[in-house]
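S.K.: Please read through the structure below; I'll follow up with questions.
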Amino acid sequence: IPFFQHCITGEGVNVHYQEHPDLATGTCAYLLNHRGERALIANTAASTYFSTDHLRTKKSMELVSAAKFLYFPGFFLTDCLPSLLRVAQISADEGKTLMLNLSAPFIVHFFQDELMRVIPYCDIIFANETETIAFGEVKGWGKEVSQIALRIAGLPKASGSRPRFVVVTQGYDATLVASSGSVSTYPVEKLANELLVDINGAGEAFVGGFVAKYILGEQVGKCVRAGHWTARTVIQNQGCTFPKTCDYVG
């Protein structure tokens with residue numbers, strides 16, 4: 001943890017990890033081919049043992065209380081549902097914005113009950129087209145991505161103060177945003193094949209760019225544009241890395 005924490009804090013991120021006395025930090029190995037495509041093998045290790053006791057600490061609750069925007073990857077549903085539901089309820093009660101990433105098709109297929117307990121609290125849901133189609137298959141909604149996104153956006157909400165957005169990325173195809181009964185499309189700028197280095201981290205980078213603009217109060221279109229830029233940038237670099245200088249304009 002010390003080395004990992006040093007790397008993260010060095011980028012200006014405030015972290016408050018739970019440290020397990022007997023388990024190592026989770027790791028992920030990936031194979032990359034000459035086209036930038038990858039295969040991943042994950043060792044979740046200590047990450048599957050996050051406890052509500054850590055969430056209940058004074059420091060953790062101070063951080064949750066101070067936050068206006070809260071984000072969870074879907075992987076949290078596999079072992080940490082009580083913690084996620086606790087934060088989700090706080091978010092609804094205090095008018096915070098809760099964001100969830102479906103993260104992987106297996107989350108949708110094998111943790112559907114847990115997912116459906118959390119979705120009512122979610123203001124923004126991120127997914128790619130594969131995860132969205134998996135949701136449609138489980139629910140019997142067909143395979144039309146835009147229609148599935150609309151139905152997810154229309155699921156009941158615990159807080160009625162704002163409509164839910166469902167943001168679906170589709171690689172080089174247009175990004176979809178479903179909300180309030182309609183779907184908006186945002187084309188993705190094509191990238192020359194010779195510039196593609198590594199797609200690892202593209203989805204997470206998109207979310208980072210989107211959220212960075214969203215918390216500033218920008219319109220959804222500008223949020224998507226920023227997400228496209230961060231994803232486009234990260235896939236031109238080895239690993240989930242960025243140039244030291246940000247040249248984004250928008």
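Labeling convention for the structure tokens: chains A, B, ... as they appear, residues from 1 per chain, ligands from 1 in order of appearance.
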Within 8 Å of segment 87-103 of chain A, which residues of segment 154-238 of chain A show up? Give each one with its shortest atom-to-atom distance in Å (one decimal) and the two atoms involved, counting only C-alpha atoms, rows by chain then rising residue number, as a tab-separated table.

M.R.:
residue	atom	partner	partner_atom	distance
A:Ala158	CA	A:Ala92	CA	6.6
A:Ser159	CA	A:Ala92	CA	5.6
A:Ser161	CA	A:Gly95	CA	7.7

S.K.: Got time to write the residues from that selection, C-alpha atoms, as a PDB file, in the first residue's frame?

M.R.:
ATOM      1  CA  ALA A 158     -35.215   6.878  -4.448  1.00  0.00           C
ATOM      2  CA  SER A 159     -34.746  10.602  -4.947  1.00  0.00           C
ATOM      3  CA  SER A 161     -34.899  15.703  -7.328  1.00  0.00           C
TER       4      SER A 161
END

S.K.: I'd like the neighbourhood of His54 of chain A as a list in words, where a residue qualifies if any of its atoms comes within 7 Å (using only C-alpha atoms), though same-chain residues fewer than 3 positions away should be ignored.

M.R.: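 Once the adjacent positions are removed, what remains is Gln18, Ser51 and Thr57 of chain A.
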
S.K.: When you look at Ser179 of chain A with a cut-off of 12 Å (counting only C-alpha atoms), what residues show up, excluding the ones that are within fewer than 4 positions of it in the same chain? I need them as a ChimeraX atom specification.

M.R.: /A:123-125,146-155,162-168,183-185,220

S.K.: Just to be explicit: take each residue in the selection above, keep N, CA, C and O atoms, and write the result as an mmCIF file, in the first residue's frame.

M.R.:
data_model
loop_
_atom_site.group_PDB
_atom_site.id
_atom_site.type_symbol
_atom_site.label_atom_id
_atom_site.label_comp_id
_atom_site.auth_asym_id
_atom_site.auth_seq_id
_atom_site.Cartn_x
_atom_site.Cartn_y
_atom_site.Cartn_z
ATOM 1 N N ASP A 123 -28.025 8.354 -9.772
ATOM 2 C CA ASP A 123 -28.376 9.484 -10.628
ATOM 3 C C ASP A 123 -27.736 9.366 -12.008
ATOM 4 O O ASP A 123 -28.295 9.834 -13.002
ATOM 5 N N ILE A 124 -26.553 8.765 -12.068
ATOM 6 C CA ILE A 124 -25.878 8.543 -13.336
ATOM 7 C C ILE A 124 -25.355 7.107 -13.352
ATOM 8 O O ILE A 124 -24.740 6.656 -12.384
ATOM 9 N N ILE A 125 -25.617 6.392 -14.445
ATOM 10 C CA ILE A 125 -25.111 5.034 -14.614
ATOM 11 C C ILE A 125 -24.271 5.002 -15.886
ATOM 12 O O ILE A 125 -24.735 5.398 -16.959
ATOM 13 N N SER A 146 -30.019 1.438 -27.297
ATOM 14 C CA SER A 146 -30.681 2.692 -26.937
ATOM 15 C C SER A 146 -31.959 2.444 -26.137
ATOM 16 O O SER A 146 -32.259 3.170 -25.179
ATOM 17 N N GLN A 147 -32.710 1.409 -26.499
ATOM 18 C CA GLN A 147 -33.954 1.114 -25.791
ATOM 19 C C GLN A 147 -33.692 0.562 -24.391
ATOM 20 O O GLN A 147 -34.416 0.866 -23.442
ATOM 21 N N ILE A 148 -32.643 -0.245 -24.275
ATOM 22 C CA ILE A 148 -32.278 -0.757 -22.942
ATOM 23 C C ILE A 148 -31.851 0.396 -22.040
ATOM 24 O O ILE A 148 -32.246 0.477 -20.869
ATOM 25 N N ALA A 149 -31.044 1.313 -22.595
ATOM 26 C CA ALA A 149 -30.592 2.471 -21.816
ATOM 27 C C ALA A 149 -31.774 3.301 -21.344
ATOM 28 O O ALA A 149 -31.816 3.770 -20.196
ATOM 29 N N LEU A 150 -32.762 3.480 -22.214
ATOM 30 C CA LEU A 150 -33.965 4.226 -21.833
ATOM 31 C C LEU A 150 -34.706 3.549 -20.692
ATOM 32 O O LEU A 150 -35.186 4.216 -19.766
ATOM 33 N N ARG A 151 -34.795 2.229 -20.753
ATOM 34 C CA ARG A 151 -35.526 1.511 -19.711
ATOM 35 C C ARG A 151 -34.778 1.542 -18.375
ATOM 36 O O ARG A 151 -35.398 1.640 -17.316
ATOM 37 N N ILE A 152 -33.459 1.493 -18.431
ATOM 38 C CA ILE A 152 -32.682 1.629 -17.196
ATOM 39 C C ILE A 152 -32.877 3.028 -16.612
ATOM 40 O O ILE A 152 -33.072 3.195 -15.406
ATOM 41 N N ALA A 153 -32.835 4.038 -17.487
ATOM 42 C CA ALA A 153 -33.021 5.419 -17.027
ATOM 43 C C ALA A 153 -34.396 5.606 -16.391
ATOM 44 O O ALA A 153 -34.554 6.429 -15.477
ATOM 45 N N GLY A 154 -35.384 4.847 -16.855
ATOM 46 C CA GLY A 154 -36.746 4.995 -16.352
ATOM 47 C C GLY A 154 -37.075 4.162 -15.135
ATOM 48 O O GLY A 154 -38.213 4.227 -14.630
ATOM 49 N N LEU A 155 -36.115 3.375 -14.642
ATOM 50 C CA LEU A 155 -36.374 2.585 -13.429
ATOM 51 C C LEU A 155 -36.619 3.523 -12.242
ATOM 52 O O LEU A 155 -36.131 4.654 -12.219
ATOM 53 N N ARG A 162 -33.849 14.851 -9.391
ATOM 54 C CA ARG A 162 -33.219 14.992 -10.705
ATOM 55 C C ARG A 162 -33.454 13.711 -11.509
ATOM 56 O O ARG A 162 -33.577 12.627 -10.936
ATOM 57 N N PRO A 163 -33.517 13.828 -12.843
ATOM 58 C CA PRO A 163 -33.678 12.626 -13.664
ATOM 59 C C PRO A 163 -32.393 11.806 -13.692
ATOM 60 O O PRO A 163 -31.301 12.326 -13.455
ATOM 61 N N ARG A 164 -32.525 10.528 -13.980
ATOM 62 C CA ARG A 164 -31.344 9.669 -14.090
ATOM 63 C C ARG A 164 -30.797 9.728 -15.514
ATOM 64 O O ARG A 164 -31.548 9.720 -16.486
ATOM 65 N N PHE A 165 -29.465 9.783 -15.628
ATOM 66 C CA PHE A 165 -28.787 9.682 -16.913
ATOM 67 C C PHE A 165 -28.144 8.308 -17.024
ATOM 68 O O PHE A 165 -27.514 7.838 -16.074
ATOM 69 N N VAL A 166 -28.300 7.675 -18.167
ATOM 70 C CA VAL A 166 -27.577 6.435 -18.465
ATOM 71 C C VAL A 166 -26.658 6.732 -19.640
ATOM 72 O O VAL A 166 -27.118 7.091 -20.730
ATOM 73 N N VAL A 167 -25.352 6.613 -19.407
ATOM 74 C CA VAL A 167 -24.345 6.977 -20.397
ATOM 75 C C VAL A 167 -23.701 5.697 -20.917
ATOM 76 O O VAL A 167 -23.102 4.939 -20.143
ATOM 77 N N VAL A 168 -23.846 5.435 -22.215
ATOM 78 C CA VAL A 168 -23.348 4.191 -22.811
ATOM 79 C C VAL A 168 -22.286 4.499 -23.865
ATOM 80 O O VAL A 168 -22.571 5.162 -24.870
ATOM 81 N N VAL A 183 -33.117 9.770 -26.078
ATOM 82 C CA VAL A 183 -31.716 9.366 -26.201
ATOM 83 C C VAL A 183 -30.982 10.369 -27.080
ATOM 84 O O VAL A 183 -31.430 10.680 -28.190
ATOM 85 N N SER A 184 -29.860 10.876 -26.600
ATOM 86 C CA SER A 184 -28.997 11.757 -27.378
ATOM 87 C C SER A 184 -27.763 10.976 -27.806
ATOM 88 O O SER A 184 -27.274 10.107 -27.074
ATOM 89 N N THR A 185 -27.258 11.263 -29.000
ATOM 90 C CA THR A 185 -26.068 10.587 -29.505
ATOM 91 C C THR A 185 -24.936 11.588 -29.699
ATOM 92 O O THR A 185 -25.163 12.721 -30.127
ATOM 93 N N VAL A 220 -24.487 18.093 -20.359
ATOM 94 C CA VAL A 220 -24.088 16.713 -20.622
ATOM 95 C C VAL A 220 -23.235 16.601 -21.881
ATOM 96 O O VAL A 220 -22.262 15.833 -21.916
#

S.K.: Assign secondary structure with DSSP using the backbone only, and return the residues of segment 136-247 of chain A in alpha helix (DSSP H) as a ChimeraX atom specification.

M.R.: /A:136-139,145-153,202-214,220-234

S.K.: Please produce a file of the residues just selected, as a compact mmCIF listing (two decimals), in the first residue's frame, where the atoms kept are C-alpha atoms.

M.R.:
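Once everything was written out, this is part_22.txt:
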# COMPACT_ATOMS: atom_id res chain seq x y z
CA GLY A 136 -31.28 -6.26 -21.61
CA GLU A 137 -30.77 -10.03 -21.83
CA VAL A 138 -31.28 -10.49 -18.09
CA LYS A 139 -34.44 -8.37 -18.11
CA VAL A 145 -28.80 -0.61 -26.81
CA SER A 146 -30.68 2.69 -26.94
CA GLN A 147 -33.95 1.11 -25.79
CA ILE A 148 -32.28 -0.76 -22.94
CA ALA A 149 -30.59 2.47 -21.82
CA LEU A 150 -33.96 4.23 -21.83
CA ARG A 151 -35.53 1.51 -19.71
CA ILE A 152 -32.68 1.63 -17.20
CA ALA A 153 -33.02 5.42 -17.03
CA ALA A 202 -10.28 3.70 -21.78
CA GLY A 203 -13.63 3.27 -20.02
CA GLU A 204 -12.36 4.59 -16.71
CA ALA A 205 -10.72 7.52 -18.50
CA PHE A 206 -14.01 8.38 -20.19
CA VAL A 207 -15.79 8.43 -16.83
CA GLY A 208 -13.04 10.61 -15.35
CA GLY A 209 -13.36 13.19 -18.11
CA PHE A 210 -17.16 13.16 -17.97
CA VAL A 211 -17.32 13.55 -14.20
CA ALA A 212 -14.65 16.28 -14.17
CA LYS A 213 -16.94 18.45 -16.28
CA TYR A 214 -20.17 17.32 -14.63
CA VAL A 220 -24.09 16.71 -20.62
CA GLY A 221 -22.78 17.29 -24.15
CA LYS A 222 -19.66 18.98 -22.82
CA CYS A 223 -19.23 16.20 -20.27
CA VAL A 224 -19.32 13.58 -23.02
CA ARG A 225 -16.84 15.58 -25.12
CA ALA A 226 -14.40 15.67 -22.22
CA GLY A 227 -14.88 11.94 -21.69
CA HIS A 228 -14.13 11.27 -25.34
CA TRP A 229 -10.94 13.32 -25.08
CA THR A 230 -9.63 11.53 -21.98
CA ALA A 231 -10.40 8.09 -23.46
CA ARG A 232 -8.81 9.07 -26.78
CA THR A 233 -5.72 10.31 -24.94
CA VAL A 234 -5.26 7.26 -22.72

S.K.: Which residues are near Gly239 of chain A? Cut-off 9 Å, only C-alpha atoms, ignore same chain within fewer than 6 positions. Put them as a PyMOL selection string.

M.R.: chain A and resi 197-201

S.K.: Using only C-alpha atoms, which residues sit within 10 Å of His109 of chain A once same-chain residues fewer than 4 positions away are excluded, as a ChimeraX atom specification?

M.R.: /A:104-105,113,115,131,134-135,137-139

S.K.: May I have the selected residues written with N, CA and C atoms, as an mmCIF file, in the first residue's frame?

M.R.:
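Wrote it out as selection.cif, contents follow:
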data_model
loop_
_atom_site.group_PDB
_atom_site.id
_atom_site.type_symbol
_atom_site.label_atom_id
_atom_site.label_comp_id
_atom_site.auth_asym_id
_atom_site.auth_seq_id
_atom_site.Cartn_x
_atom_site.Cartn_y
_atom_site.Cartn_z
ATOM 1 N N ALA A 104 -18.707 -4.542 -15.832
ATOM 2 C CA ALA A 104 -18.456 -5.783 -16.570
ATOM 3 C C ALA A 104 -19.758 -6.555 -16.740
ATOM 4 N N PRO A 105 -19.895 -7.314 -17.843
ATOM 5 C CA PRO A 105 -21.123 -8.094 -18.051
ATOM 6 C C PRO A 105 -21.419 -9.078 -16.927
ATOM 7 N N ASP A 113 -29.554 -9.067 -8.517
ATOM 8 C CA ASP A 113 -30.343 -8.684 -7.335
ATOM 9 C C ASP A 113 -29.681 -7.524 -6.597
ATOM 10 N N LEU A 115 -27.579 -5.398 -7.847
ATOM 11 C CA LEU A 115 -27.633 -4.235 -8.738
ATOM 12 C C LEU A 115 -28.983 -3.527 -8.645
ATOM 13 N N GLU A 131 -22.114 -4.379 -21.700
ATOM 14 C CA GLU A 131 -22.777 -4.426 -20.392
ATOM 15 C C GLU A 131 -24.257 -4.073 -20.514
ATOM 16 N N ALA A 134 -26.103 -6.997 -21.958
ATOM 17 C CA ALA A 134 -26.244 -8.014 -20.916
ATOM 18 C C ALA A 134 -27.419 -7.681 -19.996
ATOM 19 N N PHE A 135 -27.586 -6.404 -19.678
ATOM 20 C CA PHE A 135 -28.714 -5.968 -18.842
ATOM 21 C C PHE A 135 -30.026 -6.279 -19.557
ATOM 22 N N GLU A 137 -30.577 -8.579 -21.792
ATOM 23 C CA GLU A 137 -30.774 -10.025 -21.831
ATOM 24 C C GLU A 137 -31.351 -10.534 -20.516
ATOM 25 N N VAL A 138 -30.804 -10.058 -19.407
ATOM 26 C CA VAL A 138 -31.284 -10.495 -18.094
ATOM 27 C C VAL A 138 -32.737 -10.090 -17.875
ATOM 28 N N LYS A 139 -33.089 -8.897 -18.332
ATOM 29 C CA LYS A 139 -34.438 -8.370 -18.111
ATOM 30 C C LYS A 139 -35.438 -8.769 -19.200
#

S.K.: Where in segment 46-143 of chain A does DSSP assign strand (DSSP E), given as an MDAnalysis selection string?

M.R.: chainID A and resid 69:73 97:101 124:128

S.K.: Interatomic distance between atom CA of Cys122 of chain A and atom CA of Lys59 of chain A?

M.R.: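 Calculated distance between atom CA of Cys122 of chain A and atom CA of Lys59 of chain A is 24.0 Å.
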